[in-house]
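As stored in protein_34.csv (CSV, C-alpha atoms):
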chain,number,residue,atom,x,y,z
A,1,MET,CA,0.0,0.0,0.0
A,2,LEU,CA,2.8,2.4,0.9
A,3,LYS,CA,4.6,1.7,-2.4
A,4,LYS,CA,1.5,2.8,-4.3
A,5,LEU,CA,1.3,6.1,-2.5
A,6,MET,CA,5.0,7.0,-2.9
A,7,HIS,CA,6.0,8.4,-6.2
A,8,PRO,CA,9.1,6.6,-7.4
A,9,LEU,CA,12.2,8.7,-8.2
A,10,ARG,CA,12.6,8.4,-12.0
A,11,ILE,CA,16.2,7.7,-12.8
A,12,SER,CA,17.6,8.1,-16.4
A,13,LYS,CA,19.8,5.4,-18.0
A,14,VAL,CA,23.0,7.1,-16.8
A,15,GLY,CA,21.8,7.2,-13.2
A,16,ILE,CA,20.8,10.9,-12.9
A,17,PRO,CA,17.3,11.8,-11.7
A,18,GLU,CA,15.2,13.0,-14.6
A,19,SER,CA,13.9,16.0,-12.6
A,20,PHE,CA,17.5,17.2,-12.2
A,21,VAL,CA,18.2,17.0,-15.9
A,22,GLN,CA,14.9,18.8,-16.7
A,23,GLY,CA,15.8,21.5,-14.1
A,24,LEU,CA,19.3,21.8,-15.6
A,25,ILE,CA,18.0,22.2,-19.2
A,26,THR,CA,15.4,24.8,-18.0
A,27,PHE,CA,18.2,26.7,-16.1
A,28,ALA,CA,20.5,26.6,-19.2
A,29,ILE,CA,17.7,28.1,-21.4
A,30,VAL,CA,16.1,30.6,-19.1
A,31,THR,CA,19.2,32.1,-17.4
A,32,PRO,CA,20.9,33.5,-20.6
A,33,ILE,CA,17.5,35.0,-21.7
A,34,ILE,CA,17.1,36.8,-18.3
A,35,ILE,CA,20.7,38.0,-18.4
A,36,TYR,CA,20.2,39.3,-22.0
A,37,LEU,CA,17.0,41.1,-21.1
A,38,SER,CA,18.5,42.7,-17.9
A,39,LYS,CA,21.6,43.9,-19.9
A,40,GLN,CA,19.3,45.5,-22.5
A,41,ALA,CA,17.1,47.2,-19.9
A,42,GLY,CA,20.2,48.4,-18.0
A,43,LYS,CA,21.5,50.5,-20.9
A,44,THR,CA,21.9,54.1,-20.0
A,45,LYS,CA,21.2,55.4,-23.6
A,46,ALA,CA,17.9,55.2,-25.4
A,47,ALA,CA,17.4,55.2,-29.2
A,48,VAL,CA,16.6,58.6,-30.7
A,49,VAL,CA,13.7,58.7,-33.3
A,50,ASP,CA,12.3,62.0,-34.6
A,51,ASN,CA,14.1,64.1,-31.8
A,52,ARG,CA,12.5,61.9,-29.1
A,53,PHE,CA,14.0,59.1,-27.1
A,54,GLU,CA,12.3,55.8,-27.8
A,55,LEU,CA,12.1,52.6,-25.7
A,56,ARG,CA,11.2,49.4,-27.4
A,57,LEU,CA,11.4,45.7,-26.6
A,58,PRO,CA,14.5,43.8,-27.6
A,59,LYS,CA,14.6,41.8,-30.9
A,60,LEU,CA,14.4,38.6,-28.8
A,61,TYR,CA,10.6,39.3,-28.5
A,62,LEU,CA,10.4,39.5,-32.3
A,63,TRP,CA,12.3,36.2,-32.8
A,64,LEU,CA,10.5,34.3,-30.1
A,65,GLY,CA,7.2,35.6,-31.4
A,66,TRP,CA,7.8,34.4,-35.0
A,67,ILE,CA,9.2,31.1,-33.9
A,68,SER,CA,6.3,30.3,-31.6
A,69,THR,CA,3.7,31.4,-34.2
A,70,THR,CA,5.4,29.2,-36.9
A,71,ILE,CA,5.4,26.2,-34.6
A,72,GLY,CA,1.7,26.8,-33.8
A,73,CYS,CA,0.8,27.0,-37.5
A,74,ALA,CA,3.0,24.1,-38.5
A,75,ALA,CA,1.1,21.9,-36.1
A,76,LEU,CA,-1.9,22.2,-38.3
A,77,LEU,CA,0.1,20.5,-41.1
A,78,ILE,CA,0.1,17.2,-39.2
A,79,PRO,CA,-3.6,16.4,-39.5
A,80,ILE,CA,-3.8,17.9,-42.9
A,81,LEU,CA,-1.0,15.7,-44.2
A,82,ASP,CA,-2.2,12.7,-42.2
A,83,SER,CA,-4.4,10.4,-44.2
A,84,GLY,CA,-6.2,9.0,-41.1
A,85,ASN,CA,-7.6,12.4,-40.1
A,86,GLU,CA,-8.4,11.3,-36.5
A,87,THR,CA,-10.3,13.6,-34.3
A,88,ALA,CA,-7.6,13.4,-31.6
A,89,THR,CA,-4.9,14.5,-34.1
A,90,TRP,CA,-7.0,17.6,-35.0
A,91,GLY,CA,-7.5,18.3,-31.3
A,92,ILE,CA,-3.8,18.2,-30.5
A,93,ALA,CA,-3.0,20.3,-33.6
A,94,ILE,CA,-5.6,22.9,-32.5
A,95,LEU,CA,-4.2,22.8,-29.0
A,96,PHE,CA,-0.7,23.5,-30.3
A,97,LEU,CA,-2.0,26.3,-32.5
A,98,ALA,CA,-3.7,27.9,-29.5
A,99,MET,CA,-0.7,27.5,-27.2
A,100,PHE,CA,2.2,28.4,-29.5
A,101,GLY,CA,0.3,30.6,-31.9
A,102,GLY,CA,-1.4,32.5,-29.1
A,103,LEU,CA,2.0,33.0,-27.3
A,104,GLY,CA,3.6,34.1,-30.5
A,105,SER,CA,0.8,36.5,-31.4
A,106,CYS,CA,1.0,38.1,-27.9
A,107,LEU,CA,4.8,38.5,-28.2
A,108,LEU,CA,4.5,40.1,-31.7
A,109,LEU,CA,1.7,42.4,-30.6
A,110,TYR,CA,3.8,43.6,-27.7
A,111,TYR,CA,6.9,44.0,-29.8
A,112,TYR,CA,5.3,46.0,-32.6
A,113,ASN,CA,2.8,48.1,-30.5
A,114,HIS,CA,4.1,48.6,-27.0
A,115,PHE,CA,6.7,51.4,-26.7
A,116,VAL,CA,7.5,54.6,-24.8
A,117,THR,CA,8.9,57.8,-26.3
A,118,TYR,CA,9.9,60.9,-24.3
A,119,ASN,CA,11.5,64.3,-24.6
A,120,GLY,CA,12.0,67.2,-22.2
A,121,ARG,CA,8.3,68.0,-22.1
A,122,ASN,CA,6.3,64.8,-22.1
A,123,ILE,CA,6.1,61.0,-22.3
A,124,ILE,CA,4.0,59.0,-24.9
A,125,ILE,CA,3.1,55.5,-23.8
A,126,SER,CA,1.6,53.1,-26.3
A,127,ASN,CA,0.1,49.9,-25.0
A,128,TRP,CA,-0.2,46.5,-26.9
A,129,ARG,CA,-3.4,47.7,-28.6
A,130,LYS,CA,-1.4,50.8,-29.9
A,131,GLN,CA,-3.5,53.1,-27.8
A,132,GLN,CA,-1.3,56.1,-27.1
A,133,THR,CA,-1.4,58.3,-24.0
A,134,THR,CA,0.6,61.5,-23.6
A,135,ILE,CA,1.7,62.4,-20.1
A,136,ALA,CA,3.5,65.5,-18.9
A,137,TRP,CA,6.5,64.8,-16.7
A,138,GLU,CA,5.0,67.1,-14.0
A,139,SER,CA,1.8,65.0,-13.8
A,140,LEU,CA,3.6,61.9,-12.6
A,141,THR,CA,2.9,61.2,-8.9
A,142,ASN,CA,4.3,57.7,-8.2
A,143,ILE,CA,6.3,54.9,-9.8
A,144,GLU,CA,6.4,51.2,-8.7
A,145,PHE,CA,7.9,48.0,-9.9
A,146,ALA,CA,5.6,44.9,-10.2
A,147,PRO,CA,8.0,41.9,-10.1
A,148,LEU,CA,5.3,39.4,-11.1
A,149,SER,CA,4.4,41.2,-14.3
A,150,GLY,CA,7.9,42.6,-14.9
A,151,SER,CA,6.5,46.1,-15.5
A,152,LEU,CA,7.0,49.5,-14.1
A,153,LYS,CA,3.8,51.2,-13.1
A,154,VAL,CA,3.8,55.0,-13.4
A,155,GLN,CA,0.9,56.9,-11.8
A,156,THR,CA,-0.7,60.3,-12.6
A,157,LYS,CA,-3.4,61.8,-10.4
A,158,LYS,CA,-6.1,59.8,-12.4
A,159,LYS,CA,-4.6,56.6,-13.8
A,160,TRP,CA,-1.8,54.0,-13.7
A,161,PHE,CA,0.2,53.1,-16.8
A,162,ASN,CA,2.3,50.0,-17.4
A,163,ILE,CA,5.8,50.2,-18.9
A,164,SER,CA,7.7,47.0,-19.6
A,165,SER,CA,10.9,46.7,-17.6
A,166,HIS,CA,12.4,44.8,-20.6
A,167,PHE,CA,12.6,47.9,-22.8
A,168,VAL,CA,16.0,48.5,-24.2
A,169,GLY,CA,17.3,51.6,-22.3
A,170,VAL,CA,14.7,51.7,-19.5
A,171,ARG,CA,17.5,52.8,-17.2
A,172,ALA,CA,17.9,55.9,-19.3
A,173,PHE,CA,14.2,56.6,-18.9
A,174,LEU,CA,14.5,56.2,-15.1
A,175,ASN,CA,17.4,58.5,-15.0
A,176,GLU,CA,15.4,61.1,-17.0
A,177,LEU,CA,12.4,60.5,-14.7
A,178,GLU,CA,14.6,61.4,-11.6
A,179,VAL,CA,15.8,64.6,-13.3
A,180,ARG,CA,12.3,65.7,-14.4
A,181,THR,CA,10.3,64.8,-11.3
A,182,GLU,CA,10.8,64.4,-7.6
A,183,LEU,CA,10.4,60.6,-7.8
A,184,ASP,CA,13.1,58.3,-6.4
A,185,THR,CA,13.7,55.2,-8.5
A,186,SER,CA,16.4,53.7,-6.2
A,187,LYS,CA,13.7,52.0,-4.1
A,188,LEU,CA,12.2,50.1,-7.0
A,189,LYS,CA,14.5,47.0,-6.5
A,190,LEU,CA,14.9,46.4,-10.2
A,191,PRO,CA,16.7,43.3,-11.4
A,192,PHE,CA,19.2,45.3,-13.4

Take the structure in the file and give it back as structure tokens.
Amino acid sequence: MLKKLMHPLRISKVGIPESFVQGLITFAIVTPIIIYLSKQAGKTKAAVVDNRFELRLPKLYLWLGWISTTIGCAALLIPILDSGNETATWGIAILFLAMFGGLGSCLLLYYYNHFVTYNGRNIIISNWRKQQTTIAWESLTNIEFAPLSGSLKVQTKKKWFNISSHFVGVRAFLNELEVRTELDTSKLKLPF
């Protein structure tokens, strides 16, 4: 009875627990991505476009978006090319399309539509739906970092706005924020 309740430790053919190998592979993939994103966000210079500083997501979002979308769409080829056309095959293909295609679409929407531009007078924040809001520096009342979503939240008297902490040059934006307002960004506990 006790043996049925206990989950056996799965060991690979070379004697290493499978969970250790899976954790090691995950660590090897995720760690370089996090280091890359932190390095990009920590840049102290922002790109200049039309006499305004512009913050955009790194190209990694673009590449991961297209790869994920391609995997999702390619999954539909399996039941199309399969002569059996079983219902389960279509179900799995649609599930892959929803998972990978949905993730890829979200990444691409954020990459192309979400950005921040600023100059000496104001900030323009564009969300993933490309709705733009112009905010004067003087109207900012608070800034916070939300570690779960990985976004900076800036507040005016009426509303909160989200800014991705993965933007290339977000450190330059925070430096400008400290110069233009009385807000202190040293207490944000950012990962870069």

Could you state the separation of atom CA of Phe96 of chain A and atom CA of Ala75 of chain A in Å, given to one decimal place? 6.3 Å

May I have a table of the residues of segment 9-108 of chain A lying at most 12 Å from segment 125-146 of chain A, giving each one's closest pair of atoms and their distance in Å to one decimal, counting all atoms listed in the file, ordered by chain and ascending residue number, as JSON lines?
{"residue": "A:Phe53", "atom": "CA", "partner": "A:Ile125", "partner_atom": "CA", "distance": 11.9}
{"residue": "A:Glu54", "atom": "CA", "partner": "A:Ile125", "partner_atom": "CA", "distance": 10.0}
{"residue": "A:Leu55", "atom": "CA", "partner": "A:Ile125", "partner_atom": "CA", "distance": 9.6}
{"residue": "A:Arg56", "atom": "CA", "partner": "A:Ser126", "partner_atom": "CA", "distance": 10.3}
{"residue": "A:Leu57", "atom": "CA", "partner": "A:Trp128", "partner_atom": "CA", "distance": 11.6}
{"residue": "A:Ser105", "atom": "CA", "partner": "A:Trp128", "partner_atom": "CA", "distance": 11.0}
{"residue": "A:Cys106", "atom": "CA", "partner": "A:Trp128", "partner_atom": "CA", "distance": 8.5}
{"residue": "A:Leu107", "atom": "CA", "partner": "A:Trp128", "partner_atom": "CA", "distance": 9.5}
{"residue": "A:Leu108", "atom": "CA", "partner": "A:Trp128", "partner_atom": "CA", "distance": 9.3}

Report as a PDB file with C-alpha atoms, keeping the file's coordinate frame all protein, DNA and RNA residues lying within 12 Å of Cys73 of chain A, evaluated on all atoms listed in the file, omitting residues in the same chain fewer than 2 positions from it.
ATOM      1  CA  TRP A  66       7.800  34.400 -35.000  1.00  0.00           C
ATOM      2  CA  ILE A  67       9.200  31.100 -33.900  1.00  0.00           C
ATOM      3  CA  SER A  68       6.300  30.300 -31.600  1.00  0.00           C
ATOM      4  CA  THR A  69       3.700  31.400 -34.200  1.00  0.00           C
ATOM      5  CA  THR A  70       5.400  29.200 -36.900  1.00  0.00           C
ATOM      6  CA  ILE A  71       5.400  26.200 -34.600  1.00  0.00           C
ATOM      7  CA  ALA A  75       1.100  21.900 -36.100  1.00  0.00           C
ATOM      8  CA  LEU A  76      -1.900  22.200 -38.300  1.00  0.00           C
ATOM      9  CA  LEU A  77       0.100  20.500 -41.100  1.00  0.00           C
ATOM     10  CA  ILE A  78       0.100  17.200 -39.200  1.00  0.00           C
ATOM     11  CA  PRO A  79      -3.600  16.400 -39.500  1.00  0.00           C
ATOM     12  CA  ILE A  80      -3.800  17.900 -42.900  1.00  0.00           C
ATOM     13  CA  ALA A  93      -3.000  20.300 -33.600  1.00  0.00           C
ATOM     14  CA  ILE A  94      -5.600  22.900 -32.500  1.00  0.00           C
ATOM     15  CA  LEU A  95      -4.200  22.800 -29.000  1.00  0.00           C
ATOM     16  CA  PHE A  96      -0.700  23.500 -30.300  1.00  0.00           C
ATOM     17  CA  LEU A  97      -2.000  26.300 -32.500  1.00  0.00           C
ATOM     18  CA  ALA A  98      -3.700  27.900 -29.500  1.00  0.00           C
ATOM     19  CA  MET A  99      -0.700  27.500 -27.200  1.00  0.00           C
ATOM     20  CA  PHE A 100       2.200  28.400 -29.500  1.00  0.00           C
ATOM     21  CA  GLY A 101       0.300  30.600 -31.900  1.00  0.00           C
ATOM     22  CA  GLY A 102      -1.400  32.500 -29.100  1.00  0.00           C
ATOM     23  CA  LEU A 103       2.000  33.000 -27.300  1.00  0.00           C
ATOM     24  CA  GLY A 104       3.600  34.100 -30.500  1.00  0.00           C
ATOM     25  CA  SER A 105       0.800  36.500 -31.400  1.00  0.00           C
TER      26      SER A 105
END

One decimal, Å: what's the distance from atom CA of Ser149 of chain A over to atom CA of Ala41 of chain A, could you say?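 Separation between atom CA of Ser149 of chain A and atom CA of Ala41 of chain A: 15.1 Å.
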
Using only C-alpha atoms, which of the listed residues (A:Thr156, A:Ser164, A:Thr87, A:Asn51) sits closest to Gly120 of chain A?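 Of A:Thr156, A:Ser164, A:Thr87, A:Asn51, the one nearest Gly120 of chain A, counting only C-alpha atoms, is A:Asn51.
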
Straight-line distance linking atom CA of Ala172 of chain A with atom CA of Thr185 of chain A, stated in Å to one decimal: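 Taking atom CA of Ala172 of chain A as the start and atom CA of Thr185 of chain A as the end point, the length is 11.6 Å.
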
Using only C-alpha atoms, the shortest atom-to-atom distance to Ile163 of chain A among A:Thr89, A:Thr181, A:Ile124, A:Ile33 belongs to A:Ile124

Please return, as a list of chain:residue names, all polymer residues that have at least one atom within 10 Å of the point (16.2, 33.9, -28.8); use only C-alpha atoms and the file's own coordinate frame.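 Residues satisfying the cut-off, written out: A:Ile29, A:Pro32, A:Ile33, A:Tyr36, A:Lys59, A:Leu60, A:Tyr61, A:Leu62, A:Trp63, A:Leu64, A:Gly65, A:Ile67.
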
Rank A:Val154, A:Asn162, A:Leu174, A:Val116 by their smallest atom-to-atom distance to Ala47 of chain A, using only C-alpha atoms, and report the top residue only.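 Among A:Val154, A:Asn162, A:Leu174, A:Val116, it is A:Val116 that comes nearest to Ala47 of chain A.
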
Distance query 8 Å from (14.3, 46.8, -17.4) using only C-alpha atoms, result as a VMD selection string: chain A and resid 37 to 38 40 to 42 164 to 171 190 to 192

Just write the chosen residues, C-alpha atoms, as a tab-separated table (two decimals), keeping the file's coordinate frame.
chain	number	residue	atom	x	y	z
A	37	LEU	CA	17.00	41.10	-21.10
A	38	SER	CA	18.50	42.70	-17.90
A	40	GLN	CA	19.30	45.50	-22.50
A	41	ALA	CA	17.10	47.20	-19.90
A	42	GLY	CA	20.20	48.40	-18.00
A	164	SER	CA	7.70	47.00	-19.60
A	165	SER	CA	10.90	46.70	-17.60
A	166	HIS	CA	12.40	44.80	-20.60
A	167	PHE	CA	12.60	47.90	-22.80
A	168	VAL	CA	16.00	48.50	-24.20
A	169	GLY	CA	17.30	51.60	-22.30
A	170	VAL	CA	14.70	51.70	-19.50
A	171	ARG	CA	17.50	52.80	-17.20
A	190	LEU	CA	14.90	46.40	-10.20
A	191	PRO	CA	16.70	43.30	-11.40
A	192	PHE	CA	19.20	45.30	-13.40

Of the candidates A:Phe27, A:Asn175, A:Asn113, A:Pro147, which shows the shortest atom-to-atom distance to Lys189 of chain A, using only C-alpha atoms?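 For Lys189 of chain A, the nearest of the candidates is A:Pro147.
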